[in-house]
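*Asks:* File structure_16.txt follows (compact mmCIF, C-alpha atoms):
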```
# COMPACT_ATOMS: atom_id res chain seq x y z
CA MET A 1 36.09 9.55 -6.68
CA ARG A 2 34.41 9.39 -3.29
CA ASN A 3 34.67 13.15 -2.94
CA ALA A 4 33.45 13.77 -6.49
CA LEU A 5 30.34 11.76 -5.70
CA ALA A 6 29.78 13.57 -2.41
CA SER A 7 30.69 17.04 -3.66
CA ARG A 8 29.37 17.06 -7.21
CA LEU A 9 26.96 14.30 -8.11
CA ILE A 10 24.83 14.07 -4.98
CA PRO A 11 24.38 17.87 -4.58
CA ALA A 12 23.46 18.01 -8.28
CA LEU A 13 20.87 15.27 -7.77
CA LEU A 14 19.45 17.11 -4.76
CA VAL A 15 19.31 20.42 -6.64
CA LEU A 16 17.37 18.67 -9.40
CA LEU A 17 15.05 17.05 -6.85
CA PHE A 18 14.29 20.19 -4.83
CA THR A 19 13.92 22.58 -7.79
CA TYR A 20 11.62 20.05 -9.44
CA THR A 21 9.46 19.33 -6.37
CA GLY A 22 9.49 22.96 -5.16
CA PHE A 23 8.52 24.47 -8.50
CA SER A 24 5.98 21.69 -9.19
CA LYS A 25 4.15 22.95 -6.12
CA VAL A 26 4.50 26.62 -7.08
CA PHE A 27 3.42 26.14 -10.72
CA ALA A 28 0.27 24.22 -9.75
CA PHE A 29 -0.34 25.78 -6.36
CA GLU A 30 -4.11 25.18 -6.17
CA SER A 31 -3.79 21.59 -7.18
CA TYR A 32 -0.96 21.12 -4.68
CA GLN A 33 -3.05 22.68 -1.90
CA GLY A 34 -5.87 20.30 -2.83
CA THR A 35 -3.46 17.36 -2.54
CA LEU A 36 -2.27 18.66 0.82
CA MET A 37 -5.89 18.86 2.01
CA ASN A 38 -6.11 15.12 1.39
CA GLN A 39 -3.18 14.41 3.65
CA PRO A 40 -4.00 13.12 7.13
CA LEU A 41 -2.78 16.33 8.77
CA PRO A 42 -4.56 18.80 11.06
CA HIS A 43 -6.42 21.30 8.87
CA ALA A 44 -4.97 24.27 10.75
CA LEU A 45 -1.54 23.16 9.53
CA ILE A 46 -2.43 22.84 5.86
CA ARG A 47 -2.35 26.52 4.89
CA PRO A 48 0.97 27.43 6.55
CA LEU A 49 2.48 24.14 5.43
CA SER A 50 1.46 24.79 1.84
CA TYR A 51 3.80 27.81 1.84
CA ILE A 52 6.52 26.46 4.13
CA LEU A 53 7.08 23.24 2.17
CA PRO A 54 7.90 24.68 -1.29
CA ALA A 55 9.80 27.56 0.35
CA ALA A 56 11.96 25.07 2.29
CA GLU A 57 12.58 22.99 -0.83
CA LEU A 58 13.50 25.97 -2.99
CA LEU A 59 15.68 27.56 -0.31
CA THR A 60 17.48 24.24 0.09
CA ALA A 61 18.07 24.10 -3.68
CA LEU A 62 19.28 27.69 -3.66
CA GLY A 63 21.57 26.97 -0.71
CA LEU A 64 23.12 24.06 -2.60
CA LEU A 65 23.97 26.40 -5.50
CA ILE A 66 26.06 28.68 -3.31
CA PRO A 67 29.34 27.11 -2.12
CA LYS A 68 29.28 29.10 1.13
CA THR A 69 25.89 27.68 2.14
CA SER A 70 26.02 24.30 0.44
CA HIS A 71 26.94 22.32 3.55
CA LEU A 72 24.11 23.93 5.51
CA ALA A 73 21.76 23.18 2.58
CA LEU A 74 22.89 19.54 2.60
CA ARG A 75 21.84 19.37 6.25
CA SER A 76 18.55 21.06 5.46
CA SER A 77 17.99 18.58 2.63
CA PHE A 78 18.79 15.71 4.98
CA ILE A 79 16.22 16.99 7.50
CA LEU A 80 13.56 17.40 4.78
CA LEU A 81 14.20 13.92 3.38
CA THR A 82 14.10 12.46 6.89
CA ILE A 83 10.71 14.09 7.56
CA PHE A 84 9.28 12.99 4.18
CA THR A 85 10.60 9.44 4.60
CA LEU A 86 9.17 9.12 8.11
CA TYR A 87 5.84 10.47 6.85
CA ILE A 88 5.70 7.95 4.00
CA GLY A 89 6.70 5.17 6.40
CA SER A 90 3.87 6.17 8.75
CA ILE A 91 1.38 6.10 5.85
CA LEU A 92 2.51 2.63 4.81
CA LEU A 93 2.27 1.42 8.40
CA HIS A 94 -1.29 2.81 8.55
CA PHE A 95 -0.57 5.21 11.38
CA PHE A 96 -3.12 7.56 9.84
CA PRO A 97 -6.87 6.98 9.40
CA LYS A 98 -6.66 7.29 5.61
CA THR A 99 -4.14 6.80 2.82
CA PRO A 100 -3.95 9.91 0.68
CA CYS A 101 -2.75 10.22 -2.89
CA SER A 102 0.91 11.07 -3.33
CA CYS A 103 2.46 14.38 -4.42
CA GLY A 104 2.44 16.03 -7.81
CA GLY A 105 4.57 15.93 -10.93
CA ILE A 106 6.07 12.63 -12.00
CA PHE A 107 5.96 11.42 -8.37
CA ARG A 108 2.17 11.15 -8.67
CA SER A 109 2.64 7.97 -10.68
CA LEU A 110 4.59 6.25 -7.90
CA THR A 111 2.96 4.06 -5.27
CA TRP A 112 3.73 4.89 -1.66
CA ALA A 113 6.06 1.87 -1.44
CA GLN A 114 8.01 3.03 -4.53
CA HIS A 115 8.05 6.53 -3.06
CA LEU A 116 9.54 5.14 0.16
CA TRP A 117 12.32 3.32 -1.71
CA LEU A 118 13.14 6.44 -3.73
CA ASN A 119 13.24 8.54 -0.57
CA LEU A 120 15.41 6.00 1.24
CA MET A 121 17.86 6.02 -1.65
CA LEU A 122 18.01 9.83 -1.72
CA TRP A 123 18.26 9.95 2.06
CA SER A 124 21.22 7.51 2.00
CA LEU A 125 22.97 9.52 -0.73
CA ASN A 126 22.37 12.71 1.23
CA LEU A 127 23.87 11.10 4.33
CA TYR A 128 26.86 9.92 2.28
CA ALA A 129 27.43 13.46 0.99
CA LEU A 130 27.24 14.86 4.52
CA LEU A 131 29.80 12.34 5.75
CA TYR A 132 32.29 12.36 2.89
CA ARG A 133 32.05 15.78 1.33
CA LYS A 134 34.97 18.06 2.02
CA PRO A 135 33.42 21.30 3.25
CA PHE A 136 34.01 24.38 1.11
CA LEU A 137 35.41 22.46 -1.83
CA HIS A 138 34.57 24.69 -4.75
CA MET A 139 34.09 23.51 -8.27
CA MET B 1 35.47 31.98 -4.87
CA LYS B 2 32.51 31.49 -7.19
CA LYS B 3 29.31 32.89 -5.74
CA VAL B 4 27.16 30.28 -7.45
CA THR B 5 28.19 26.88 -8.77
CA LEU B 6 27.42 27.11 -12.47
CA HIS B 7 26.82 23.45 -13.27
CA LEU B 8 24.37 23.28 -10.36
CA LEU B 9 22.63 26.40 -11.64
CA LEU B 10 22.16 24.66 -14.97
CA ILE B 11 20.71 21.62 -13.20
CA ALA B 12 18.39 23.90 -11.22
CA LEU B 13 17.14 25.33 -14.52
CA ILE B 14 16.55 21.81 -15.82
CA GLY B 15 14.60 20.98 -12.63
CA THR B 16 12.52 24.14 -13.05
CA GLY B 17 11.82 23.34 -16.70
CA ALA B 18 10.83 19.77 -15.83
CA ALA B 19 8.47 21.08 -13.13
CA TRP B 20 6.89 23.44 -15.65
CA VAL B 21 6.46 20.74 -18.29
CA ASN B 22 5.01 18.20 -15.83
CA LYS B 23 2.94 20.62 -13.77
CA SER B 24 -0.44 19.27 -12.65
CA PRO B 25 -3.48 21.21 -13.81
CA ASN B 26 -4.80 23.48 -11.08
CA THR B 27 -7.95 21.99 -9.61
CA GLY B 28 -9.09 24.66 -7.21
CA LYS B 29 -12.64 24.75 -5.85
CA GLY B 30 -15.12 25.45 -8.62
CA LYS B 31 -12.42 25.21 -11.27
CA PHE B 32 -11.70 21.49 -11.33
CA VAL B 33 -12.36 19.34 -14.34
CA ALA B 34 -14.87 16.76 -13.17
CA HIS B 35 -13.89 13.13 -13.68
CA ARG B 36 -16.20 10.15 -13.88
CA TYR B 37 -15.80 7.04 -11.78
CA SER B 38 -17.24 3.70 -12.65
CA TYR B 39 -18.92 2.46 -9.46
CA LYS B 40 -19.46 3.17 -5.81
CA SER B 41 -18.46 0.89 -2.96
CA LYS B 42 -19.22 1.05 0.72
CA SER B 43 -16.90 -0.08 3.48
CA LEU B 44 -18.04 -3.13 5.41
CA ASP B 45 -18.63 -1.12 8.57
CA GLY B 46 -20.71 1.39 6.61
CA THR B 47 -18.62 4.40 7.55
CA LYS B 48 -17.12 5.27 4.16
CA TYR B 49 -17.98 5.36 0.47
CA TYR B 50 -15.44 4.71 -2.25
CA TRP B 51 -15.55 5.42 -5.95
CA THR B 52 -13.28 3.28 -8.07
CA TYR B 53 -11.83 3.40 -11.61
CA ASP B 54 -11.28 6.92 -12.86
CA ILE B 55 -12.62 6.34 -16.36
CA THR B 56 -11.95 9.93 -17.43
CA SER B 57 -8.23 9.29 -16.86
CA LEU B 58 -8.59 6.08 -18.84
CA GLY B 59 -9.89 8.15 -21.75
CA TRP B 60 -13.37 6.63 -21.86
CA MET B 61 -15.99 8.67 -23.68
CA GLU B 62 -19.64 8.77 -22.69
CA GLY B 63 -21.77 7.28 -25.43
CA THR B 64 -18.75 5.52 -26.94
CA ASN B 65 -17.15 3.60 -24.10
CA TYR B 66 -19.94 3.70 -21.56
CA ASP B 67 -23.47 4.86 -20.89
CA CYS B 68 -24.99 6.18 -17.72
CA LEU B 69 -28.06 3.94 -17.35
CA THR B 70 -30.06 5.41 -14.51
CA PRO B 71 -28.99 8.10 -12.05
CA ASN B 72 -28.01 6.88 -8.58
CA SER B 73 -27.82 3.24 -9.62
CA ALA B 74 -24.76 1.11 -8.96
CA THR B 75 -24.09 0.86 -12.70
CA CYS B 76 -24.22 4.60 -13.31
CA THR B 77 -21.12 6.70 -13.73
CA PHE B 78 -20.92 10.10 -12.11
CA ALA B 79 -18.75 13.19 -11.84
CA ALA B 80 -16.40 14.11 -9.00
CA ASP B 81 -13.38 16.25 -8.14
CA PRO B 82 -10.22 14.30 -9.11
CA SER B 83 -8.19 16.07 -6.41
CA ASP B 84 -10.04 13.86 -3.91
CA ASN B 85 -8.64 10.78 -5.59
CA MET B 86 -6.65 8.57 -3.22
CA VAL B 87 -4.47 5.51 -3.43
CA ASP B 88 -4.64 2.53 -1.12
CA ALA B 89 -2.59 -0.63 -0.99
CA ASN B 90 -4.78 -2.22 -3.66
CA GLY B 91 -4.95 0.64 -6.19
CA ASN B 92 -6.98 3.78 -6.65
CA TYR B 93 -10.22 4.73 -5.05
CA PHE B 94 -12.11 7.92 -4.65
CA LEU B 95 -13.21 9.06 -1.23
CA LEU B 96 -16.10 11.48 -1.38
CA THR B 97 -17.74 11.09 1.98
CA ASP B 98 -16.17 10.43 5.33
CA ILE B 99 -19.29 9.32 7.16
CA LEU B 100 -17.53 8.61 10.43
CA SER B 101 -13.76 8.56 10.24
CA THR B 102 -12.64 5.96 12.75
CA SER B 103 -9.77 3.94 11.35
CA PHE B 104 -8.06 3.00 8.10
CA GLU B 105 -10.29 0.79 5.98
CA SER B 106 -8.83 -2.05 4.01
CA GLY B 107 -9.92 -5.36 2.55
CA THR B 108 -13.17 -6.17 0.81
CA PHE B 109 -15.87 -3.62 0.22
CA THR B 110 -19.46 -4.36 -0.57
CA LEU B 111 -20.94 -2.88 -3.70
CA ASP B 112 -23.71 -0.44 -2.96
```
Just dump the structure as structure tokens.
*Replies:*
Amino acid sequence: MRNALASRLIPALLVLLFTYTGFSKVFAFESYQGTLMNQPLPHALIRPLSYILPAAELLTALGLLIPKTSHLALRSSFILLTIFTLYIGSILLHFFPKTPCSCGGIFRSLTWAQHLWLNLMLWSLNLYALLYRKPFLHM
Amino acid sequence: MKKVTLHLLLIALIGTGAAWVNKSPNTGKGKFVAHRYSYKSKSLDGTKYYWTYDITSLGWMEGTNYDCLTPNSATCTFAADPSDNMVDANGNYFLLTDILSTSFESGTFTLD
């Protein structure tokens, strides 16, 4: 049961998350770049980040699909979720001079606090999968 | 060994489909659909302007749900790029002008 959750359900949830968020950015790239412009980040970073972010999300999703790379992708997903969660935490703690609007797709309707809870839940599940998943268990 | 996990591939396709269905409209420079906001506020320290209540998103129609009385008055609605819409702890606002960005503004704002 524990291994089924770590090896099947959580990777499936992460694949759904990263294909959804990655392709949401790709399908509405201009709008996504506009949203990124509103983030309290150095402007020099915006352009490269606008390509790196969806690429990282989609590569992570792709990595999760392939048994050989799935453990590496789980780590990549954990790193991405850690970065996103810390970023949202910093926004909520007013570390930045302004509070931007959140990301696209259905996540646009979430407040930053709801976004933080969602991320913390996904982060915890990702950590669980990293700890309890038997590496190279193929389905 | 399977090269790709099939049930995950199916879920990836579902994620892709959901992203396509829920994709935001592109709002690039010069191509955005202008939204109207109901009134303008100014931060107490006078460094920022805020535009609140996106009435286009609420589905209000000019002439039916509201009228623009006089241009540049506090009661007049106006058009703006919705990609500049932001969310603070108290709800939505629209930041058009960063007069002098010093620190995060919160609390009460005076109506212009």
*Asks:* When you draw a straight line from CA of Leu5 in chain A to CA of Val4 in chain B, how long is it in Å?
*Replies:* 18.9 Å
*Asks:* Distance cut-off 12 Å, centre (21.8, 27.3, -2.4) in file coordinates, counting only C-alpha atoms: which residues qualify? Return them as a ChimeraX atom specification.
*Replies:* /A:11-12,14-16,18-19,56-77 /B:3-6,8-9,12
*Asks:* Kindly indicate which residue among A:Phe84, A:Tyr51, A:Phe78, A:Phe95 lies nearest to chain B, using all atoms listed in the file for the distances.
*Replies:* A:Phe95
*Asks:* For CA of Tyr32 in chain A and CA of Ile46 in chain A, quote the distance in Å rounded to one decimal.
*Replies:*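 A separation of 10.8 Å between them.
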*Asks:* Go through A:Ser50, A:Phe96, A:Ser7, A:Gly22 one by one, measure the shortest atom-to-atom distance of each to Thr35 in chain A using all atoms listed in the file, and give the residue with the smallest value.
*Replies:*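 So, comparing all the options, the nearest one is A:Ser50.
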*Asks:* CA of Tyr20 in chain A to CA of Leu127 in chain A: how many Å, to one decimal?
*Replies:*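 Those two atoms sit 20.5 Å apart.
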*Asks:* Using only C-alpha atoms, determine which residues lie at most 12 Å from Ile83 in chain A, disregarding the query and same-chain residues fewer than 6 positions distant; provide the list as a list in words.
*Replies:* Leu53, Ser76, Ser77, Gly89, Ser90, Leu116, Asn119, Leu120 and Trp123 of chain A
*Asks:* What are the centre and the three edge lengths of an axis-aligned box that wraps all atoms of range 26-29 of chain A in the file, given that 3 Å is added to every side, written as JSON and rounded to one decimal in Å?
*Replies:*
```
{"center_x": 2.1, "center_y": 25.4, "center_z": -8.5, "size_x": 10.8, "size_y": 8.4, "size_z": 10.4}
```
